[in-house]
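Contents: one structure, followed by commentary.
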Amino acid sequence: MASVYNHWLVALSLSVAILVSYTALRLAGRVATSEGHGARIWLGVGAVAMGIGIWTMHFVGMLAFSLPILLAYNVPTTLASLAVAILTSGFALSITSGLRLTLARLILSAIAMGTGIAVMHYMGMGAITIVPGIAYDLRLVALSILIAICASFVALWLFFHLRDANNSLHQQVMLIGAAAVMGLAIAGMHYTAMAASRFALGAFCRGGVTLQNSWLAAAIGMFALGLLAVTLVTAVYDTHLQSRSRVQAERLAQANAELQHQATHDALTGLPNRMLFLDRLEREIAHGERENRSFAVLVVDLDRFKVINDTLGHAVGDQLLIEIARRLTASVRTVDTVARTGGDEFLLLLTAIHDPADAAGIAVKIVAALDKPVNIGGAEVHASASIGISGYPTDGADADALVAHADEAMYFAKQQGRNGYQFFSAGMSVFSRERLDFERDLRRALPLKQFEVHYQPKFDVATGRMNSVEALLRWRHPTRGLVGPLEFIPLAEESGLMFAIGEWVLREACRQARQWQCEGQAFIRIAVNIAPSHFRQPKFLSMVQSALVDHDLEPQFLEIELTETTVMDHADGSVQILEELSRMGVLVSIDDFGTGYSSMSYLRRFPIDKLKIDRSFIKDLTTHPAAASIVRAIISLAHSLQLKVVAEGVETAEQLEQLRELGCDQFQGFYRSAAVLPGEIPQFTPTTAEVLPRFGPERFMETQSKLTAFRRS
């Protein structure tokens with residue numbers, strides 16, 4: 001019996017096949033990315049939509065086929081073929097949603113799926129109630145089944161490998177191309193199976209439901225296309241939502257990771273912080289107990305880092321810390337831990353240290369690495385470190401003990417001259433406790449008013465009269481007695497107490513000077529030593545001005561003493577500060593001159609009034625010709641710059657006589673007087689009547705006018 005095809009319906013069936021393939025590809029990815037209950041829902045929805053689509057393509061293809069007789073269909077059999085299509089689709093989606101798809105599993109699954117599609121088709125053909133029944137060309141039947149299996153193989157492979165496709169143009173082109181190939185393969189199987197069908201002459205349909213092919217095919221095709229489109233849009237939108245949720249989840253995870261990193265790492269250097277270091281140390285202790293192995297803890301503390309911070313600024317200090325962290329990390333193995341615990345202190349955990357010499361070798365390597373200068377912003381910065389070492393289990397069995405003992409060894413290394421390392425020993429615990437007690441007492445000294453200012457007179461070399469004093473700080477400790485500055489000033493610098501102490505000394509000196517004036521004492525100028533860190537403070541100038549105004553003291557009664565090194569570090573900035581002091585009327589002297597590295601061009605620019613010759617030259621003045629030559633050169637230089645010269649540390653009459661011969665202006669030292677309490681100073685001073693004629697009314701009026709102008713400012 002002759003048959004014909006409606007080309008419009010054939011095109012519709014092919015369109016349905018391609019859309020089914022594209023929808024199946026998207027659904028495969030959606031099922032694979034879902035979990036739990038959501039995965040089961042999408043598997044069911046996908047199986048129904050995909051099954052209806054495949055069945056619709058098959059049914060529209062059958063309706064596109066026309067015979068001279070009107071065809072009738074058995075409804076239960078037709079619905080059974082739809083059920084087979086849905087089950088086959090569900091099988092395909094479940095197979096491709098797994099984590100792995102081996103070749104053997106792919107082949108077996110393709111055979112099962114291809115067989116299911118063939119069963120659906122031939123069951124649909126069997127739903128036609130034609131008498132006599134349809135005969136088949138077995139070769140074409142076998143070919144259609146083979147095409148179904150091959151199409152299933154390709155479909156399953158594409159489902160699995162394209163299920164994670166994103167929305168990029170390249171991935172979308174791949175999906176559309178794969179859908180077209182799959183659609184053509186499915187359509188090819190269907191029309192090959194249709195070609196295998198043979199209808200006898202004179203055949204007729206008996207029973208069943210008679211359908212109008214064109215309108216029914218169009219209706220079913222439109223329904224299937226609509227269903228697939230809705231399913232596809234839903235899947236795409238749900239994928240979009242899931243993608244956004246995944247992005248948000250990734251961002252949240254990233255934020256949590258960053259917070260975790262911030263909580264366990266130093267913000268400046270990126271190294272582990274104390275919390276993470278102690279966690280790793282606890283783990284290493286557990287491993288050491290279990291495996292009977294040793295390791296070492298190192299405390300690395302930079303020497304005089306506060307001076308660098310105060311003189312060069314915190315920005316330079318931060319850059320130096322970053323470079324130090326890099327060098328420390330490069331000096332140890334990758335299995336070791338380098339941590340920054342705050343400020344200028346670092347902790348190192350050296351695992352699997354079998355011999356103390358191994359830890360010593362690392363310490364030597366660190367000292368050598370830090371000894372190289374660091375270039376920051378064109379400035380060459382030198383750093384060194386003191387290192388303390390404790391070993392497990394000899395120096396402690398828990399984290400706190402190991403860190404504490406390494407810390408004690410570090411402080412002992414500082415006491416031994418810095419820029420080196422020390423292993424912990426039991427005797428250091430006493431030193432550490434004493435130092436902690438000493439620092440605690442030092443912090444209490446200022447509020448408990450335990451500091452005192454003693455004053456050492458300065459005498460005129462020519463006349464022997466006292467015309468100024470130097471304020472020298474002392475600490476009257478409740479149990480140690482009178483403590484000299486050399487014992488506590490370095491600790492005050494390290495502990496950050498120097499600014500508060502220095503301000504107190506300055507204000508106390510101004511108060512005492514004004515008190516002497518109120519008591520009718522003659523002209524006495526007080527010289528106050530200013531620490532480098534104090535001099536670089538932004539509030540230094542305002543603090544000097546406040547001390548003068550609060551105590552109603554004329555500026556010429558105050559003299560600021562600065563070491564040569566202090567003024568030469570950042571000389572341009574020093575010039576500005578010294579010029580401000582000069583404008584106030586405050587005198588400036590350079591202390592310990594001859595021990596630094598003054599540039600003559602800068603020395604000429606500095607608005608200073610005096611040079612103080614370091615006591616090391618005065619000590620050898622009468623015994624070493626070289627020292628006498630240096631003193632003579634300093635005096636000559638100072639006088640050529642219109643500066644006064646003060647010699648400190650004069651202890652013998654011979655030294656004083658030679659200073660007189662060399663033309664020195666003033667001296668101070670034990671030969672005439674050590675530093676004394678304020679009440680003892682008046683015995684060195686001449687009467688007011690003796691002093692006033694030397695100043696005269698002109699100098700007195702000049703002083704008063706300067707004071708008036710200063711107070712107005």
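Going through the structure tokens in order, the chains are called A, B, and so on, while each chain numbers its residues from 1 and the ligands are numbered from 1 in the order shown.
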Would you kindly return, as a list in words, each protein, DNA or RNA residue with an atom no farther than 8 Å from any atom of segment 300-313 of chain A, considering only C-alpha atoms and excluding same-chain residues fewer than 5 positions away? Asp344, Glu345, Phe346, Leu347, Leu348, Ala383, Ser384, Ala385, Ser386, Ile387, Gly388, Met410, Lys414, Arg418, Asn419, Glu493, Glu494, Gly496, Pro532, Ser533, Arg536, Gln537, Asp569 and His570 of chain A
Expected file contents, prior selection, C-alpha atoms, as a PDB file, in the first residue's frame:
ATOM      1  CA  ASP A 344      58.968  44.016  66.734  1.00  0.00           C
ATOM      2  CA  GLU A 345      58.823  40.483  68.150  1.00  0.00           C
ATOM      3  CA  PHE A 346      58.706  37.272  66.114  1.00  0.00           C
ATOM      4  CA  LEU A 347      58.275  33.649  67.174  1.00  0.00           C
ATOM      5  CA  LEU A 348      59.805  30.728  65.284  1.00  0.00           C
ATOM      6  CA  ALA A 383      68.556  46.336  61.896  1.00  0.00           C
ATOM      7  CA  SER A 384      69.751  43.660  64.264  1.00  0.00           C
ATOM      8  CA  ALA A 385      67.989  41.209  66.533  1.00  0.00           C
ATOM      9  CA  SER A 386      68.403  39.429  69.841  1.00  0.00           C
ATOM     10  CA  ILE A 387      67.356  35.773  69.756  1.00  0.00           C
ATOM     11  CA  GLY A 388      66.361  33.485  72.601  1.00  0.00           C
ATOM     12  CA  MET A 410      66.143  36.694  74.359  1.00  0.00           C
ATOM     13  CA  LYS A 414      70.032  41.811  74.886  1.00  0.00           C
ATOM     14  CA  ARG A 418      72.356  42.456  71.475  1.00  0.00           C
ATOM     15  CA  ASN A 419      72.723  41.192  67.889  1.00  0.00           C
ATOM     16  CA  GLU A 493      63.044  53.714  75.858  1.00  0.00           C
ATOM     17  CA  GLU A 494      62.153  50.075  75.117  1.00  0.00           C
ATOM     18  CA  GLY A 496      57.712  53.465  75.490  1.00  0.00           C
ATOM     19  CA  PRO A 532      66.054  61.177  70.262  1.00  0.00           C
ATOM     20  CA  SER A 533      62.568  59.678  70.419  1.00  0.00           C
ATOM     21  CA  ARG A 536      61.121  63.541  66.953  1.00  0.00           C
ATOM     22  CA  GLN A 537      57.691  63.657  68.534  1.00  0.00           C
ATOM     23  CA  ASP A 569      69.549  61.926  61.784  1.00  0.00           C
ATOM     24  CA  HIS A 570      67.182  63.603  59.312  1.00  0.00           C
TER      25      HIS A 570
END
Can you list, as a ChimeraX atom specification, every residue of segment 426-465 of chain A that DSSP puts in alpha helix (DSSP H)? /A:428-445
May I have the residues from that selection written out with N, CA and C atoms, as an mmCIF file, in the first residue's frame?
data_model
loop_
_atom_site.group_PDB
_atom_site.id
_atom_site.type_symbol
_atom_site.label_atom_id
_atom_site.label_comp_id
_atom_site.auth_asym_id
_atom_site.auth_seq_id
_atom_site.Cartn_x
_atom_site.Cartn_y
_atom_site.Cartn_z
ATOM 1 N N MET A 428 68.502 32.072 84.053
ATOM 2 C CA MET A 428 67.888 33.225 83.392
ATOM 3 C C MET A 428 66.520 33.555 83.962
ATOM 4 N N SER A 429 65.860 32.601 84.570
ATOM 5 C CA SER A 429 64.527 32.848 85.114
ATOM 6 C C SER A 429 64.570 33.928 86.176
ATOM 7 N N VAL A 430 65.641 33.918 86.981
ATOM 8 C CA VAL A 430 65.789 34.942 88.014
ATOM 9 C C VAL A 430 65.923 36.299 87.366
ATOM 10 N N PHE A 431 66.797 36.371 86.319
ATOM 11 C CA PHE A 431 66.984 37.631 85.605
ATOM 12 C C PHE A 431 65.677 38.117 84.997
ATOM 13 N N SER A 432 64.915 37.204 84.408
ATOM 14 C CA SER A 432 63.667 37.589 83.757
ATOM 15 C C SER A 432 62.679 38.146 84.763
ATOM 16 N N ARG A 433 62.556 37.491 85.908
ATOM 17 C CA ARG A 433 61.620 37.979 86.927
ATOM 18 C C ARG A 433 62.061 39.342 87.454
ATOM 19 N N GLU A 434 63.371 39.490 87.632
ATOM 20 C CA GLU A 434 63.879 40.774 88.106
ATOM 21 C C GLU A 434 63.586 41.880 87.095
ATOM 22 N N ARG A 435 63.756 41.563 85.820
ATOM 23 C CA ARG A 435 63.502 42.573 84.801
ATOM 24 C C ARG A 435 62.031 42.953 84.756
ATOM 25 N N LEU A 436 61.162 41.954 84.855
ATOM 26 C CA LEU A 436 59.729 42.244 84.860
ATOM 27 C C LEU A 436 59.352 43.100 86.067
ATOM 28 N N ASP A 437 59.934 42.771 87.216
ATOM 29 C CA ASP A 437 59.660 43.579 88.417
ATOM 30 C C ASP A 437 60.196 44.997 88.241
ATOM 31 N N PHE A 438 61.378 45.096 87.630
ATOM 32 C CA PHE A 438 61.992 46.404 87.431
ATOM 33 C C PHE A 438 61.145 47.265 86.491
ATOM 34 N N GLU A 439 60.664 46.645 85.416
ATOM 35 C CA GLU A 439 59.813 47.379 84.477
ATOM 36 C C GLU A 439 58.494 47.770 85.129
ATOM 37 N N ARG A 440 57.931 46.878 85.923
ATOM 38 C CA ARG A 440 56.689 47.199 86.630
ATOM 39 C C ARG A 440 56.897 48.390 87.565
ATOM 40 N N ASP A 441 58.003 48.383 88.299
ATOM 41 C CA ASP A 441 58.289 49.502 89.204
ATOM 42 C C ASP A 441 58.530 50.788 88.430
ATOM 43 N N LEU A 442 59.173 50.675 87.261
ATOM 44 C CA LEU A 442 59.446 51.865 86.458
ATOM 45 C C LEU A 442 58.151 52.501 85.966
ATOM 46 N N ARG A 443 57.193 51.686 85.607
ATOM 47 C CA ARG A 443 55.908 52.215 85.157
ATOM 48 C C ARG A 443 55.170 52.926 86.296
ATOM 49 N N ARG A 444 55.432 52.523 87.509
ATOM 50 C CA ARG A 444 54.763 53.145 88.651
ATOM 51 C C ARG A 444 55.510 54.373 89.169
ATOM 52 N N ALA A 445 56.768 54.518 88.748
ATOM 53 C CA ALA A 445 57.620 55.560 89.341
ATOM 54 C C ALA A 445 57.071 56.960 89.116
#
What's around Ile353 of chain A at 10 Å? Count only C-alpha atoms, leave out sequence neighbours fewer than 5 positions away in its own chain, and write the answer as a VMD selection string. chain A and resid 293 to 297 358 to 359 391 to 392
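In the backbone-derived DSSP annotation, strand (DSSP E or B) within segment 265-299 of chain A comprises His265, Pro272, Phe295, Ala296, Val297, Leu298 and Val299 of chain A.
Taking atom CA of Lys644 of chain A and atom CA of Val461 of chain A as endpoints, the distance between them is 11.5 Å.
Residue nearest Ala135 of chain A, chosen from A:Cys205, A:Met120, A:Leu541, A:Ala196 and counting only C-alpha atoms: A:Ala196.
Using only C-alpha atoms for every distance, the candidate list A:Asp371, A:Glu654, A:Glu680, A:Glu289 yields A:Glu680 as the residue closest to Val469 of chain A.
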Would you pick out the contacts of Gln422 of chain A at 10 Å or less, using only C-alpha atoms, so that residues sharing its chain but fewer than 2 positions from it are not included, and give the list as a PDB file with N, CA, C and O atoms, in the first residue's frame?
ATOM      1  N   LEU A 298      62.092  29.755  69.029  1.00  0.00           N
ATOM      2  CA  LEU A 298      62.951  30.933  69.015  1.00  0.00           C
ATOM      3  C   LEU A 298      62.098  32.187  69.174  1.00  0.00           C
ATOM      4  O   LEU A 298      61.045  32.308  68.536  1.00  0.00           O
ATOM      5  N   ALA A 360      71.197  26.572  66.778  1.00  0.00           N
ATOM      6  CA  ALA A 360      72.206  27.630  66.769  1.00  0.00           C
ATOM      7  C   ALA A 360      72.560  28.025  65.343  1.00  0.00           C
ATOM      8  O   ALA A 360      72.758  29.214  65.043  1.00  0.00           O
ATOM      9  N   ALA A 363      69.918  30.280  64.082  1.00  0.00           N
ATOM     10  CA  ALA A 363      70.048  31.597  64.713  1.00  0.00           C
ATOM     11  C   ALA A 363      71.170  32.406  64.065  1.00  0.00           C
ATOM     12  O   ALA A 363      71.019  33.605  63.807  1.00  0.00           O
ATOM     13  N   SER A 386      67.977  40.305  68.747  1.00  0.00           N
ATOM     14  CA  SER A 386      68.403  39.429  69.841  1.00  0.00           C
ATOM     15  C   SER A 386      67.504  38.207  69.827  1.00  0.00           C
ATOM     16  O   SER A 386      66.276  38.336  69.727  1.00  0.00           O
ATOM     17  N   ILE A 387      68.099  37.029  69.923  1.00  0.00           N
ATOM     18  CA  ILE A 387      67.356  35.773  69.756  1.00  0.00           C
ATOM     19  C   ILE A 387      67.502  34.918  70.999  1.00  0.00           C
ATOM     20  O   ILE A 387      68.612  34.711  71.498  1.00  0.00           O
ATOM     21  N   GLY A 388      66.364  34.434  71.497  1.00  0.00           N
ATOM     22  CA  GLY A 388      66.361  33.485  72.601  1.00  0.00           C
ATOM     23  C   GLY A 388      65.863  32.137  72.126  1.00  0.00           C
ATOM     24  O   GLY A 388      64.930  32.064  71.316  1.00  0.00           O
ATOM     25  N   ILE A 389      66.470  31.051  72.604  1.00  0.00           N
ATOM     26  CA  ILE A 389      66.146  29.700  72.128  1.00  0.00           C
ATOM     27  C   ILE A 389      65.799  28.814  73.312  1.00  0.00           C
ATOM     28  O   ILE A 389      66.519  28.767  74.307  1.00  0.00           O
ATOM     29  N   SER A 390      64.673  28.111  73.202  1.00  0.00           N
ATOM     30  CA  SER A 390      64.322  27.059  74.160  1.00  0.00           C
ATOM     31  C   SER A 390      64.045  25.780  73.387  1.00  0.00           C
ATOM     32  O   SER A 390      63.580  25.831  72.243  1.00  0.00           O
ATOM     33  N   ALA A 406      62.119  30.916  76.095  1.00  0.00           N
ATOM     34  CA  ALA A 406      62.787  31.525  74.939  1.00  0.00           C
ATOM     35  C   ALA A 406      62.804  33.043  75.076  1.00  0.00           C
ATOM     36  O   ALA A 406      63.781  33.706  74.703  1.00  0.00           O
ATOM     37  N   GLU A 408      62.895  34.713  77.939  1.00  0.00           N
ATOM     38  CA  GLU A 408      63.913  35.033  78.938  1.00  0.00           C
ATOM     39  C   GLU A 408      65.309  34.974  78.329  1.00  0.00           C
ATOM     40  O   GLU A 408      66.168  35.836  78.613  1.00  0.00           O
ATOM     41  N   ALA A 409      65.537  33.979  77.483  1.00  0.00           N
ATOM     42  CA  ALA A 409      66.843  33.869  76.826  1.00  0.00           C
ATOM     43  C   ALA A 409      67.081  35.054  75.895  1.00  0.00           C
ATOM     44  O   ALA A 409      68.214  35.547  75.768  1.00  0.00           O
ATOM     45  N   MET A 410      66.012  35.533  75.245  1.00  0.00           N
ATOM     46  CA  MET A 410      66.143  36.694  74.359  1.00  0.00           C
ATOM     47  C   MET A 410      66.563  37.934  75.140  1.00  0.00           C
ATOM     48  O   MET A 410      67.451  38.687  74.723  1.00  0.00           O
ATOM     49  N   TYR A 411      65.931  38.164  76.296  1.00  0.00           N
ATOM     50  CA  TYR A 411      66.297  39.325  77.112  1.00  0.00           C
ATOM     51  C   TYR A 411      67.737  39.202  77.625  1.00  0.00           C
ATOM     52  O   TYR A 411      68.450  40.199  77.735  1.00  0.00           O
ATOM     53  N   PHE A 412      68.137  37.986  77.910  1.00  0.00           N
ATOM     54  CA  PHE A 412      69.525  37.787  78.331  1.00  0.00           C
ATOM     55  C   PHE A 412      70.480  38.118  77.189  1.00  0.00           C
ATOM     56  O   PHE A 412      71.557  38.692  77.413  1.00  0.00           O
ATOM     57  N   ALA A 413      70.082  37.771  75.959  1.00  0.00           N
ATOM     58  CA  ALA A 413      70.908  38.108  74.788  1.00  0.00           C
ATOM     59  C   ALA A 413      71.030  39.618  74.637  1.00  0.00           C
ATOM     60  O   ALA A 413      72.091  40.135  74.265  1.00  0.00           O
ATOM     61  N   LYS A 414      69.962  40.349  74.929  1.00  0.00           N
ATOM     62  CA  LYS A 414      70.032  41.811  74.886  1.00  0.00           C
ATOM     63  C   LYS A 414      71.007  42.330  75.938  1.00  0.00           C
ATOM     64  O   LYS A 414      71.771  43.268  75.688  1.00  0.00           O
ATOM     65  N   GLN A 416      73.562  40.897  76.986  1.00  0.00           N
ATOM     66  CA  GLN A 416      74.926  40.541  76.599  1.00  0.00           C
ATOM     67  C   GLN A 416      75.447  41.371  75.421  1.00  0.00           C
ATOM     68  O   GLN A 416      76.517  41.091  74.891  1.00  0.00           O
ATOM     69  N   GLY A 420      72.693  38.931  68.757  1.00  0.00           N
ATOM     70  CA  GLY A 420      73.200  37.579  68.962  1.00  0.00           C
ATOM     71  C   GLY A 420      72.100  36.683  69.477  1.00  0.00           C
ATOM     72  O   GLY A 420      70.917  37.046  69.474  1.00  0.00           O
ATOM     73  N   PHE A 424      68.349  29.063  76.499  1.00  0.00           N
ATOM     74  CA  PHE A 424      67.793  29.222  77.842  1.00  0.00           C
ATOM     75  C   PHE A 424      68.570  28.369  78.841  1.00  0.00           C
ATOM     76  O   PHE A 424      68.980  27.253  78.546  1.00  0.00           O
ATOM     77  N   SER A 425      68.745  28.948  80.025  1.00  0.00           N
ATOM     78  CA  SER A 425      69.285  28.194  81.152  1.00  0.00           C
ATOM     79  C   SER A 425      68.502  28.576  82.395  1.00  0.00           C
ATOM     80  O   SER A 425      67.874  29.647  82.438  1.00  0.00           O
TER      81      SER A 425
END
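Residue nearest Tyr671 of chain A within the list A:Ala509, A:Gln456, A:Gln545, A:Leu558: A:Gln456 [criterion: smallest interatomic distance, only C-alpha atoms].
Minimum atom-to-atom distance to Lys458 of chain A, evaluated using only C-alpha atoms, belongs to A:Glu470 out of A:Asp279, A:Asp400, A:Asp591, A:Glu470.
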Please, what distance in Å, to one decimal, runs between atom CA of Arg139 of chain A and atom CA of Ala118 of chain A? 14.2 Å
Enter the distance from atom CA of Asp407 of chain A to atom CA of Phe423 of chain A, in Å, rounded to one decimal. 10.2 Å
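Each of A:Lys539, A:Ser616, A:Ala142, A:Ala379 was checked against Gly114 of chain A using only C-alpha atoms; the smallest atom-to-atom distance is that of A:Ala142.
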Give me the residues of segment 273-353 of chain A that have any atom at most 12 Å from an atom of segment 255-260 of chain A; for each, the nearest atom pair and the distance in Å, rounded to one decimal. Use only C-alpha atoms, sort by chain and number, and format it as CSV.
residue,atom,partner,partner_atom,distance
A:Asn273,CA,A:Gln260,CA,11.7
A:Met275,CA,A:Gln260,CA,11.5
A:Leu276,CA,A:Gln260,CA,10.5
Show which residues sit within 12 Å of Gly361 of chain A, as number ranges by chain. Count only C-alpha atoms, and ignore same-chain residues fewer than 4 positions away. A: 331-332, 350, 353, 355-357, 365-368, 389, 420-421
